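> There's a structure below that I have some questions on.
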Amino acid sequence: MSNATIQIPAGYDFEGKNLVQADDSSRPGHLLSKLSRSPWALRTVISGALVIPCFWQPIVSSADLQSHLYNAWLAKLIQDGNVHGLWIGRQSTNFVVDLLLSWLLGVFGVSGAERVVSAILVLFFFWGGFQFLSAVRGRPAYWVAPWLAILSYGYVFQQGLLNYYFSCGIVFWLFAAFWKQPVAWGKLWAAPLLILAYLAHPLPVLWFLGMLGYCRLARQLQLRFQVLLFVFSANALFLIRGYIGARYLSIWELRQLAYWTGADQALLYGWVYSAVALAFLLFIAILLNEPENRWRAMVSVPAQAYFLTAAAIVLIPSFIGASIEHAWAGFIAERLSLLSGVLLLAVVGGSVYRGWYLPAGLITAAVFFGSLYTDIGRQARVERKMQELVRVLPAGERVISYDHFAYQEERRGLSTREPKYIHLAARLSSIFTERLNSTHLLSRACLGHCFDYMNYEPSTGQFRIHAAPGNPVVMASQTDVIDTVDGTYEVKAIDLPLYVLLRCGVHPGDIRMRPLAEGESAKMLACPGTAAAWQ
């Protein structure tokens, strides 16, 4: 690896510098230079590559995106008067993506709506983050694009926290616009965008307002006063933590200590993603050790914003609720981790470009997206098997699914035959790998035919659809939904007829279906030795 600085003789180099135009047709990298000469051409190529994962498999992701799709279909049934006991309520936030899905579902169908919405959101977030990084740096830095692409398809997106994800994209665009420009009447165009971000999700808006205010003030102060401002702000986070603990029920998790770098966004299905996360951390560490960064980058205003966000990840409980019976605000640390990852790229984004930066990012991105292609393909096969099973049922039947109870004993038996250190390593790795499961794939499989009875959205009161007790479509009690997910809910007469899909092995085809009886719970179920009484 060479430490020599790469310079492309025409157009823009990967640092974004506008260089003197010249005829370089005989020089190496001619095609790259041509693309660099036209930023829009380069951005078009990057955008085309960026949306490929939205189209390369039958589904885009396995988690909550499928629930959003299902509930968009359910909303259409409610509007047409085809279901009873459900209604569409008024929401002040957390509904923008759901409205977009509802509209596109009628235009493009299920698969088309999923792909179009995903592509729009990814492009909006990626280029919002890129504009922010460019504003901090003072010019574009295309060599960070592979790392930003990994964050764009990371845990928040794969988990399906789409309203939050969209709101993050908006606030990064706004942060870029206001990074060095004064807040003036001419910037009133930003107000509708800020309102749209809030309608999508309030947390990024609160983060943006706090960080923008901090950064604008810090840049006007000398370093010693910036230190005082940082200490004051960190103490404010401790006060917020104390207020939350005194006022609400909350859950703080030990794993939050590992989320502050943003590298956890790469941790999805298995061990291979750990290599991607470690590569991200190693890349950041090497850049911070560069001579131009050892002190300047670590005390810069972007670094201060990053450390404050990291402190919030570590201090603020990840789950906050008013009571056991009501839905909680959740995944707060995981959500903020996405912001911290982009901020960490902003901290090192001022580095002088060296020849190995872009190849390192591209190789890491290739590992990440190659693994993602394989894992999403496996989840697509799970969904296809679920769909095959539920399609034999009469239309309108209620179904629930489990993907982790039935073969616990099989896994436990295998682990006892392994050395203890391997078993311990597997236990520890489960904290950061296999963070996504296939439970929400039932929503996709049922869409247009049956009802996902353990659909969590209506019972929370945090989404558009609300449910009355005793409705024939979905559980109306948040407590019942949680107990069903845990496998402890005992089926009542009012729930019948009710069918269950049970995962009976590690392969996508190892799924069985049968009707449940009154008094049964998921933890009572065992996978059959034969196919008798199962499909």
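To be explicit about the labels: the chains of the structure tokens are called A, B, and onward in the order shown, and within each one the residues are counted from 1, while ligands get numbers from 1 in the order they are shown.
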Might you pull out every residue within 9 Å of stretch 448-458 of chain A, with only C-alpha atoms counted and same-chain residues fewer than 2 positions away left off, and present them as a PyMOL selection string?
chain A and resi 67-68+70-71+73-74+86+390-391+393-401+440+442-446+460-467+472-478+480-482+484-485+495+498
> For the residues in the current selection, export N, CA and C atoms as a CSV table (one decimal), in the first residue's frame.

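Saved result, result03.csv, follows:
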```csv
chain,number,residue,atom,x,y,z
A,67,SER,N,-43.8,-5.9,7.3
A,67,SER,CA,-44.9,-5.5,8.1
A,67,SER,C,-45.6,-4.2,7.6
A,68,HIS,N,-44.7,-3.3,7.2
A,68,HIS,CA,-45.2,-2.0,6.6
A,68,HIS,C,-46.0,-2.3,5.4
A,70,TYR,N,-47.6,-5.1,4.6
A,70,TYR,CA,-48.8,-5.8,4.9
A,70,TYR,C,-49.8,-4.8,5.5
A,71,ASN,N,-49.4,-3.9,6.3
A,71,ASN,CA,-50.3,-2.9,6.9
A,71,ASN,C,-50.8,-1.9,5.9
A,73,TRP,N,-51.6,-2.8,2.9
A,73,TRP,CA,-52.7,-3.5,2.3
A,73,TRP,C,-53.9,-3.6,3.2
A,74,LEU,N,-53.6,-3.7,4.5
A,74,LEU,CA,-54.7,-3.8,5.5
A,74,LEU,C,-55.4,-2.4,5.6
A,86,LEU,N,-61.3,-2.6,12.9
A,86,LEU,CA,-60.1,-1.8,12.7
A,86,LEU,C,-60.4,-0.5,12.1
A,390,VAL,N,-49.5,-21.1,3.6
A,390,VAL,CA,-50.8,-20.4,3.9
A,390,VAL,C,-51.7,-20.3,2.7
A,391,ARG,N,-51.3,-20.5,1.5
A,391,ARG,CA,-52.1,-20.4,0.3
A,391,ARG,C,-53.1,-21.6,0.2
A,393,LEU,N,-54.8,-22.5,2.8
A,393,LEU,CA,-55.9,-22.2,3.7
A,393,LEU,C,-57.0,-21.4,3.0
A,394,PRO,N,-58.2,-21.5,3.5
A,394,PRO,CA,-59.3,-20.6,2.9
A,394,PRO,C,-58.9,-19.1,3.2
A,395,ALA,N,-59.3,-18.3,2.3
A,395,ALA,CA,-59.0,-16.8,2.4
A,395,ALA,C,-59.6,-16.3,3.7
A,396,GLY,N,-58.8,-15.4,4.3
A,396,GLY,CA,-59.2,-14.7,5.6
A,396,GLY,C,-58.9,-15.5,6.8
A,397,GLU,N,-58.2,-16.6,6.8
A,397,GLU,CA,-57.8,-17.3,8.0
A,397,GLU,C,-56.7,-16.5,8.8
A,398,ARG,N,-56.6,-16.8,10.1
A,398,ARG,CA,-55.6,-16.1,10.9
A,398,ARG,C,-54.4,-17.1,11.2
A,399,VAL,N,-53.2,-16.5,11.1
A,399,VAL,CA,-52.0,-17.3,11.2
A,399,VAL,C,-51.0,-16.6,12.1
A,400,ILE,N,-50.2,-17.3,12.8
A,400,ILE,CA,-49.1,-16.8,13.5
A,400,ILE,C,-47.9,-17.6,13.2
A,401,SER,N,-46.7,-17.1,13.4
A,401,SER,CA,-45.5,-17.9,13.1
A,401,SER,C,-44.4,-17.8,14.1
A,440,HIS,N,-41.4,-11.5,10.6
A,440,HIS,CA,-42.3,-10.6,9.8
A,440,HIS,C,-42.5,-11.1,8.4
A,442,LEU,N,-44.1,-13.6,7.6
A,442,LEU,CA,-45.5,-14.1,7.5
A,442,LEU,C,-46.4,-13.0,7.0
A,443,SER,N,-46.1,-11.7,7.4
A,443,SER,CA,-46.9,-10.6,6.9
A,443,SER,C,-46.9,-10.6,5.4
A,444,ARG,N,-45.7,-10.8,4.8
A,444,ARG,CA,-45.6,-10.8,3.3
A,444,ARG,C,-46.3,-12.0,2.7
A,445,ALA,N,-46.1,-13.1,3.4
A,445,ALA,CA,-46.7,-14.3,2.9
A,445,ALA,C,-48.3,-14.3,2.9
A,446,CYS,N,-48.8,-13.6,3.9
A,446,CYS,CA,-50.3,-13.5,4.1
A,446,CYS,C,-50.9,-12.4,3.2
A,460,THR,N,-50.0,-1.2,19.1
A,460,THR,CA,-49.1,-0.2,19.8
A,460,THR,C,-49.7,1.2,19.9
A,461,GLY,N,-50.6,1.5,19.0
A,461,GLY,CA,-51.2,2.9,18.9
A,461,GLY,C,-50.2,3.9,18.3
A,462,GLN,N,-49.0,3.4,17.8
A,462,GLN,CA,-48.0,4.2,17.3
A,462,GLN,C,-48.0,4.3,15.8
A,463,PHE,N,-49.0,3.6,15.1
A,463,PHE,CA,-49.0,3.6,13.7
A,463,PHE,C,-50.5,3.9,13.2
A,464,ARG,N,-50.7,3.9,11.9
A,464,ARG,CA,-52.0,4.4,11.4
A,464,ARG,C,-53.1,3.5,11.8
A,465,ILE,N,-52.9,2.2,11.8
A,465,ILE,CA,-54.0,1.3,12.0
A,465,ILE,C,-54.2,1.0,13.5
A,466,HIS,N,-55.5,1.1,14.0
A,466,HIS,CA,-55.8,0.8,15.4
A,466,HIS,C,-56.8,-0.3,15.4
A,467,ALA,N,-56.8,-1.1,16.5
A,467,ALA,CA,-57.7,-2.3,16.6
A,467,ALA,C,-58.6,-2.2,17.8
A,472,PRO,N,-61.7,-9.6,14.3
A,472,PRO,CA,-61.4,-10.9,13.8
A,472,PRO,C,-60.0,-11.0,13.0
A,473,VAL,N,-59.2,-9.9,13.1
A,473,VAL,CA,-58.1,-9.8,12.2
A,473,VAL,C,-56.8,-9.8,12.9
A,474,VAL,N,-56.7,-9.2,14.1
A,474,VAL,CA,-55.4,-9.0,14.8
A,474,VAL,C,-55.6,-8.8,16.3
A,475,MET,N,-54.6,-9.2,17.1
A,475,MET,CA,-54.7,-9.0,18.5
A,475,MET,C,-54.7,-7.5,18.8
A,476,ALA,N,-55.6,-7.0,19.7
A,476,ALA,CA,-55.7,-5.6,20.0
A,476,ALA,C,-54.9,-5.2,21.2
A,477,SER,N,-54.5,-6.2,22.0
A,477,SER,CA,-53.7,-5.9,23.2
A,477,SER,C,-52.2,-6.1,23.0
A,478,GLN,N,-51.5,-5.0,23.4
A,478,GLN,CA,-50.1,-5.1,23.3
A,478,GLN,C,-49.5,-6.2,24.2
A,480,ASP,N,-50.9,-9.1,24.9
A,480,ASP,CA,-51.1,-10.3,24.2
A,480,ASP,C,-50.1,-10.5,23.1
A,481,VAL,N,-49.8,-9.5,22.4
A,481,VAL,CA,-48.9,-9.6,21.3
A,481,VAL,C,-47.5,-9.9,21.8
A,482,ILE,N,-47.1,-9.3,22.9
A,482,ILE,CA,-45.7,-9.6,23.5
A,482,ILE,C,-45.7,-11.0,24.0
A,484,THR,N,-47.4,-13.5,22.8
A,484,THR,CA,-47.4,-14.4,21.7
A,484,THR,C,-46.0,-14.5,21.1
A,485,VAL,N,-45.3,-13.3,21.0
A,485,VAL,CA,-44.0,-13.3,20.4
A,485,VAL,C,-43.1,-14.1,21.3
A,495,ASP,N,-59.9,-16.8,19.7
A,495,ASP,CA,-58.8,-16.7,18.7
A,495,ASP,C,-59.0,-17.7,17.6
A,498,LEU,N,-57.2,-20.7,14.4
A,498,LEU,CA,-55.9,-20.1,14.3
A,498,LEU,C,-54.9,-21.1,13.9
```
> When you look at A:Gly213 with a cut-off of 12 Å (counting only C-alpha atoms), what residues show up, excluding the ones that are within fewer than 3 positions of it in the same chain? I need them as a ChimeraX atom specification.
/A:175,178-180,182-183,206-210,216-220,229,233,301,305
> Would you please work out which residue, of A:Gly350, A:Lys385, A:Phe124, A:Pro204, is nearest to A:Arg139 when using only C-alpha atoms?
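Of all the options, A:Gly350 lies closest to A:Arg139.
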> Report the distance between atom CA of A:Leu282 and atom CA of A:Leu344 in Å, rounded to one decimal place.
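Going from atom CA of A:Leu282 over to atom CA of A:Leu344, I get 12.5 Å.
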> So which bits of stretch 57-279 of chain A end up strand (DSSP E or B) when you DSSP the backbone, as number ranges by chain?
A: 86-88, 249-251
> Identify which of the residues A:Tyr402, A:Tyr269, A:Trp103, A:Phe319 lies closest to A:Arg241, counting only C-alpha atoms when measuring atom-to-atom distances.
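Among the listed residues, A:Phe319 lies closest to A:Arg241.
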> Measuring atom to atom with only C-alpha atoms, identify which of A:Leu228, A:Leu362, A:Leu105, A:Leu496 is nearest to A:Val144.
A:Leu362
> Which one of A:Leu436, A:Tyr353, A:Cys504, A:Asp510 sits closest to A:Ile376 if you count only C-alpha atoms?
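Nearest candidate to A:Ile376 out of A:Leu436, A:Tyr353, A:Cys504, A:Asp510: A:Leu436.
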> Just to confirm, what's the straight-line distance from atom CA of A:Glu383 to atom CA of A:Leu502 in Å (one decimal)?
12.7 Å
> With DSSP run on the backbone, what are the alpha helix (DSSP H) residues within stretch 172-373 of chain A? I'd like them as an NGL selection string.
:A and (172-178 or 190-200 or 202-218 or 223-247 or 272-288 or 301-315 or 332-348 or 357-373)
> Report as a ChimeraX atom specification all protein, DNA and RNA residues lying within 9 Å of A:Ala279, evaluated on only C-alpha atoms, omitting residues in the same chain fewer than 5 positions from it.
/A:263,274,284,360-361,364
